[in-house]
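Notes for the one structure printed next.
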2 protein chains.
Amino acid sequence: MKKDLDQEQAAYIIDVCASANLRTVSGSLTQLYNHLLKPTGLKITQYYMLGNIYTSPDISISKLGEIMLLDQTTVTRNLNILNDSGYVQIKRAEQDSRTKVVTITELGYEKLNDATPIWIRVQEEIEGSIGKAEYMGLLEKLDALQNVIDNFKSSST
Amino acid sequence: MKKDLDQEQAAYIIDVCASANLRTVSGSLTQLYNHLLKPTGLKITQYYMLGNIYTSPDISISKLGEIMLLDQTTVTRNLNILNDSGYVQIKRAEQDSRTKVVTITELGYEKLNDATPIWIRVQEEIEGSIGKAEYMGLLEKLDALQNVIDNFKSSST
DNA sequence: ACTGTATGTATGTATATACATGTATTGGTA
DNA sequence: TACCAATACATGTATATACATACATACAGT
């Protein structure tokens, strides 16, 4: 005898679902950043990717995917957009011509600098409003959740 | 004299960025769910939307967007996919022919029931691993963050 | 040197998402 | 009543994302 989902149970699921809660907040914050970043022409995802490239010069596409936890194909496509805007340079590695290495351009670096004050403003608003310690606690919890997810993924291999 | 971003500062930003941290965890969890849900043919976003529709029968497209914190155009497009699969029914409201109301179909309800055990399994793994109380704390922090974001948005109007 | 496998990247396809804008319908007001 | 503003939805366009798969190059073993 199968017990089917009633509306109350469904409402509970909607309410506590980790995926939905994360996606919703993440989406709202992305929207806020993109709105404020509009004058710079960057999106927050692009800002973040540029920051990673600046921090790890001559990184390969795959490595970039690994540190950003993105699929390689996603990195390829997002990089193409940055490349078309002239924010990054992509060239084949000399030792291994399969590999491509990415570097930020002068223009890309300028964009990064343009956008950073906006990033700081939002981040300070967040840390100021919910409290620095609380915010760090949130990051820790997110980290713990990430570990649970990673373990779950590797256990179901 | 302008102070430009150095790599160490960029690394810090990458590390603590609220948007990036949320997006990354959210993405990983979405991937895990979608992988496990594959046999059902549903994605976690679709499961979540179906759940909302089941919980609020005859809801309008706009209202659905409001409760899910999604743009109306996003709802329209996601609903079309569910509609093509036969999981929802969309018809014009009788009082106001601008409005469309959405209802879950029998088939959609079956899908919802197929997917729920998988949702439960992941959710229990999460709550079990990081602890129920810790998890509730995480939801509270996410809620607090959502409020900060909402306030920021309305203040910049 | 040849061959098969592993590795790095790209492409086809599909979903998720938002913004700007267009279209249709409703409802209030002169 | 005729018109205008507000409301509800759809469409064009762009980005973000992943999976399945193809392609190209490197490398190891014979």
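Identifiers for the structure tokens are assigned positionally: chains receive A, B, ... in sequence, residues are indexed from 1 per chain, and ligands are indexed from 1 in the order shown.
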
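Residues within 10 Å of Ser56 (chain B), counting only C-alpha atoms (C1' of nucleotides) and excluding same-chain residues fewer than 6 positions away, are Gln7 and Ala11 of chain A; Leu50, Lys63, Leu64, Val102, Thr103 and Ile104 of chain B.
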
Using only C-alpha atoms (C1' of nucleotides), which protein or nucleic acid residues come within 9 Å of region 7-11 of chain D? Drop anything in the same chain fewer than 6 positions from it, and give the result as number ranges by chain. B: 61-62, 72-73, 76, 97-100; C: 21-26

What separates CA of Asn34 (chain B) and C1' of DT21 (chain D) is a distance of 19.4 Å

Please identify every residue of chain C that has at least one atom no farther than 12 Å from an atom of chain A, counting only C-alpha atoms (C1' of nucleotides), and for each give the shortest atom pair and the distance in Å to one decimal, arranged by chain then increasing number, as a tab-separated table.
```
residue	atom	partner	partner_atom	distance
C:DT7	C1'	A:Arg98	CA	8.2
C:DG8	C1'	A:Arg98	CA	5.3
C:DT9	C1'	A:Arg98	CA	7.1
C:DA10	C1'	A:Thr73	CA	7.8
C:DT11	C1'	A:Thr73	CA	9.4
C:DG12	C1'	A:Thr73	CA	11.9
C:DA16	C1'	A:Gly27	CA	10.8
C:DT17	C1'	A:Gly27	CA	8.7
C:DA18	C1'	A:Gln31	CA	8.2
C:DC19	C1'	A:His35	CA	10.2
```

Please identify every residue of chain B that has at least one atom no farther than 6 Å from an atom of chain A, counting only C-alpha atoms, and for each give the shortest atom pair and the distance in Å to one decimal, arranged by chain then increasing number, as a Markdown table.
```
| residue | atom | partner | partner_atom | distance |
| --- | --- | --- | --- | --- |
| B:Gln7 | CA | A:Thr55 | CA | 5.2 |
| B:Ala10 | CA | A:Gly51 | CA | 5.9 |
| B:Leu22 | CA | A:Ser26 | CA | 5.4 |
| B:Arg23 | CA | A:Ser26 | CA | 5.7 |
| B:Val25 | CA | A:Gln146 | CA | 5.8 |
| B:Ser26 | CA | A:Leu22 | CA | 5.4 |
| B:Gly51 | CA | A:Ala10 | CA | 5.9 |
| B:Thr55 | CA | A:Gln7 | CA | 5.1 |
| B:Gln146 | CA | A:Val25 | CA | 5.8 |
```

May I have the selected residues written with C-alpha atoms, as an mmCIF file, in the first residue's frame?
```
data_model
loop_
_atom_site.group_PDB
_atom_site.id
_atom_site.type_symbol
_atom_site.label_atom_id
_atom_site.label_comp_id
_atom_site.auth_asym_id
_atom_site.auth_seq_id
_atom_site.Cartn_x
_atom_site.Cartn_y
_atom_site.Cartn_z
ATOM 1 C CA GLN B 7 46.850 38.689 -5.762
ATOM 2 C CA ALA B 10 42.030 38.754 -4.753
ATOM 3 C CA LEU B 22 26.581 30.026 -2.007
ATOM 4 C CA ARG B 23 26.696 29.397 -5.729
ATOM 5 C CA VAL B 25 27.540 24.715 -2.699
ATOM 6 C CA SER B 26 24.205 25.232 -4.365
ATOM 7 C CA GLY B 51 5.904 20.675 -5.216
ATOM 8 C CA THR B 55 0.867 22.833 -2.581
ATOM 9 C CA GLN B 146 17.978 36.707 2.522
#
```

Out of chain A, which residues get strand (DSSP E) from DSSP, as a PyMOL selection string? chain A and resi 59-60+88-92+100-104

Next, the residues of the selection above should be written as a PDB file, in the first residue's frame with N, CA and C atoms.
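Listing of part_12.pdb after writing:
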```pdb
ATOM      1  N   ILE A  59      46.809  29.464 -15.632  1.00  0.00           N
ATOM      2  CA  ILE A  59      46.108  28.249 -15.203  1.00  0.00           C
ATOM      3  C   ILE A  59      45.449  27.608 -16.419  1.00  0.00           C
ATOM      4  N   SER A  60      45.340  26.303 -16.386  1.00  0.00           N
ATOM      5  CA  SER A  60      44.680  25.601 -17.496  1.00  0.00           C
ATOM      6  C   SER A  60      43.173  25.625 -17.294  1.00  0.00           C
ATOM      7  N   VAL A  88      40.531  38.305 -21.025  1.00  0.00           N
ATOM      8  CA  VAL A  88      41.527  37.239 -20.792  1.00  0.00           C
ATOM      9  C   VAL A  88      42.206  36.888 -22.104  1.00  0.00           C
ATOM     10  N   GLN A  89      43.352  36.252 -21.954  1.00  0.00           N
ATOM     11  CA  GLN A  89      44.074  35.742 -23.110  1.00  0.00           C
ATOM     12  C   GLN A  89      44.195  34.233 -22.940  1.00  0.00           C
ATOM     13  N   ILE A  90      43.920  33.513 -24.007  1.00  0.00           N
ATOM     14  CA  ILE A  90      43.967  32.047 -23.949  1.00  0.00           C
ATOM     15  C   ILE A  90      44.957  31.572 -24.999  1.00  0.00           C
ATOM     16  N   LYS A  91      45.955  30.831 -24.549  1.00  0.00           N
ATOM     17  CA  LYS A  91      46.896  30.300 -25.541  1.00  0.00           C
ATOM     18  C   LYS A  91      47.296  28.870 -25.190  1.00  0.00           C
ATOM     19  N   ARG A  92      47.739  28.162 -26.179  1.00  0.00           N
ATOM     20  CA  ARG A  92      48.141  26.780 -25.954  1.00  0.00           C
ATOM     21  C   ARG A  92      49.402  26.744 -25.103  1.00  0.00           C
ATOM     22  N   LYS A 100      45.418  24.418 -22.650  1.00  0.00           N
ATOM     23  CA  LYS A 100      45.382  25.850 -22.882  1.00  0.00           C
ATOM     24  C   LYS A 100      45.561  26.566 -21.559  1.00  0.00           C
ATOM     25  N   VAL A 101      46.307  27.620 -21.588  1.00  0.00           N
ATOM     26  CA  VAL A 101      46.509  28.388 -20.367  1.00  0.00           C
ATOM     27  C   VAL A 101      45.885  29.771 -20.513  1.00  0.00           C
ATOM     28  N   VAL A 102      45.339  30.235 -19.403  1.00  0.00           N
ATOM     29  CA  VAL A 102      44.570  31.475 -19.402  1.00  0.00           C
ATOM     30  C   VAL A 102      45.269  32.524 -18.550  1.00  0.00           C
ATOM     31  N   THR A 103      45.270  33.748 -19.040  1.00  0.00           N
ATOM     32  CA  THR A 103      45.852  34.864 -18.298  1.00  0.00           C
ATOM     33  C   THR A 103      44.920  36.061 -18.418  1.00  0.00           C
ATOM     34  N   ILE A 104      44.895  36.859 -17.386  1.00  0.00           N
ATOM     35  CA  ILE A 104      44.081  38.072 -17.422  1.00  0.00           C
ATOM     36  C   ILE A 104      44.814  39.140 -18.235  1.00  0.00           C
TER      37      ILE A 104
END
```

Report as JSON lines: every residue of chain D with an atom at most 9 Å from chain A, its closest pair of atoms, and their distance in Å to one decimal, counting only C-alpha atoms (C1' of nucleotides), with rows sorted by chain and ascending residue number.
```
{"residue": "D:DT15", "atom": "C1'", "partner": "A:Asn78", "partner_atom": "CA", "distance": 8.3}
{"residue": "D:DA16", "atom": "C1'", "partner": "A:Thr74", "partner_atom": "CA", "distance": 7.7}
{"residue": "D:DT17", "atom": "C1'", "partner": "A:Thr74", "partner_atom": "CA", "distance": 6.2}
{"residue": "D:DA18", "atom": "C1'", "partner": "A:Asp71", "partner_atom": "CA", "distance": 6.9}
{"residue": "D:DA24", "atom": "C1'", "partner": "A:Arg98", "partner_atom": "CA", "distance": 7.2}
{"residue": "D:DT25", "atom": "C1'", "partner": "A:Arg98", "partner_atom": "CA", "distance": 5.4}
{"residue": "D:DA26", "atom": "C1'", "partner": "A:Asp96", "partner_atom": "CA", "distance": 7.5}
```

Save out the residues we just selected, N, CA and C atoms (P, O5', C5', C4', C3', O3' and C1' of nucleotides), as an mmCIF file, in the first residue's frame.
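Resulting contents of part18.cif:
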```
data_model
loop_
_atom_site.group_PDB
_atom_site.id
_atom_site.type_symbol
_atom_site.label_atom_id
_atom_site.label_comp_id
_atom_site.auth_asym_id
_atom_site.auth_seq_id
_atom_site.Cartn_x
_atom_site.Cartn_y
_atom_site.Cartn_z
ATOM 1 P P DT D 15 26.507 37.131 -23.454
ATOM 2 O "O5'" DT D 15 26.337 36.401 -22.044
ATOM 3 C "C5'" DT D 15 25.935 37.172 -20.926
ATOM 4 C "C4'" DT D 15 25.630 36.268 -19.759
ATOM 5 C "C3'" DT D 15 26.726 35.242 -19.445
ATOM 6 O "O3'" DT D 15 27.004 35.350 -18.062
ATOM 7 C "C1'" DT D 15 24.610 34.179 -19.605
ATOM 8 P P DA D 16 28.167 34.518 -17.390
ATOM 9 O "O5'" DA D 16 27.402 33.226 -16.853
ATOM 10 C "C5'" DA D 16 26.360 33.377 -15.916
ATOM 11 C "C4'" DA D 16 25.939 32.017 -15.384
ATOM 12 C "C3'" DA D 16 27.083 31.022 -15.203
ATOM 13 O "O3'" DA D 16 26.888 30.377 -13.952
ATOM 14 C "C1'" DA D 16 25.415 30.084 -16.578
ATOM 15 P P DT D 17 28.023 29.477 -13.336
ATOM 16 O "O5'" DT D 17 27.628 28.020 -13.835
ATOM 17 C "C5'" DT D 17 26.464 27.414 -13.314
ATOM 18 C "C4'" DT D 17 26.056 26.244 -14.153
ATOM 19 C "C3'" DT D 17 27.132 25.215 -14.483
ATOM 20 O "O3'" DT D 17 27.309 24.329 -13.401
ATOM 21 C "C1'" DT D 17 25.453 25.463 -16.177
ATOM 22 P P DA D 18 28.356 23.139 -13.469
ATOM 23 O "O5'" DA D 18 27.603 21.999 -14.279
ATOM 24 C "C5'" DA D 18 26.338 21.559 -13.809
ATOM 25 C "C4'" DA D 18 25.790 20.523 -14.767
ATOM 26 C "C3'" DA D 18 26.752 19.374 -15.042
ATOM 27 O "O3'" DA D 18 26.070 18.157 -14.810
ATOM 28 C "C1'" DA D 18 25.945 20.289 -17.083
ATOM 29 P P DA D 24 40.342 16.497 -34.990
ATOM 30 O "O5'" DA D 24 41.599 16.920 -34.142
ATOM 31 C "C5'" DA D 24 41.501 18.021 -33.255
ATOM 32 C "C4'" DA D 24 42.558 17.882 -32.186
ATOM 33 C "C3'" DA D 24 43.882 17.303 -32.678
ATOM 34 O "O3'" DA D 24 44.922 18.118 -32.215
ATOM 35 C "C1'" DA D 24 43.128 16.126 -30.789
ATOM 36 P P DT D 25 46.368 18.009 -32.862
ATOM 37 O "O5'" DT D 25 47.233 17.612 -31.590
ATOM 38 C "C5'" DT D 25 47.044 18.346 -30.387
ATOM 39 C "C4'" DT D 25 47.472 17.508 -29.213
ATOM 40 C "C3'" DT D 25 48.871 16.886 -29.356
ATOM 41 O "O3'" DT D 25 49.645 17.370 -28.287
ATOM 42 C "C1'" DT D 25 47.301 15.327 -28.515
ATOM 43 P P DA D 26 51.181 17.154 -28.242
ATOM 44 O "O5'" DA D 26 51.333 16.073 -27.090
ATOM 45 C "C5'" DA D 26 50.851 16.409 -25.787
ATOM 46 C "C4'" DA D 26 50.791 15.164 -24.932
ATOM 47 C "C3'" DA D 26 52.120 14.425 -24.811
ATOM 48 O "O3'" DA D 26 52.354 14.217 -23.439
ATOM 49 C "C1'" DA D 26 50.392 12.938 -25.408
#
```

Coordinates-based distance that separates CA of Glu124 (chain A) from CA of Thr40 (chain A) (Å, one decimal): 19.4 Å

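Neighbouring residues of DC3 (chain D) at 12 Å or closer, counting only C-alpha atoms (C1' of nucleotides) and skipping chain neighbours under 4 positions away, are C:DG27, C:DG28, C:DT29, C:DA30.
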
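From CA of Leu37 (chain B) back to CA of Asn151 (chain A), the distance works out to 17.6 Å.
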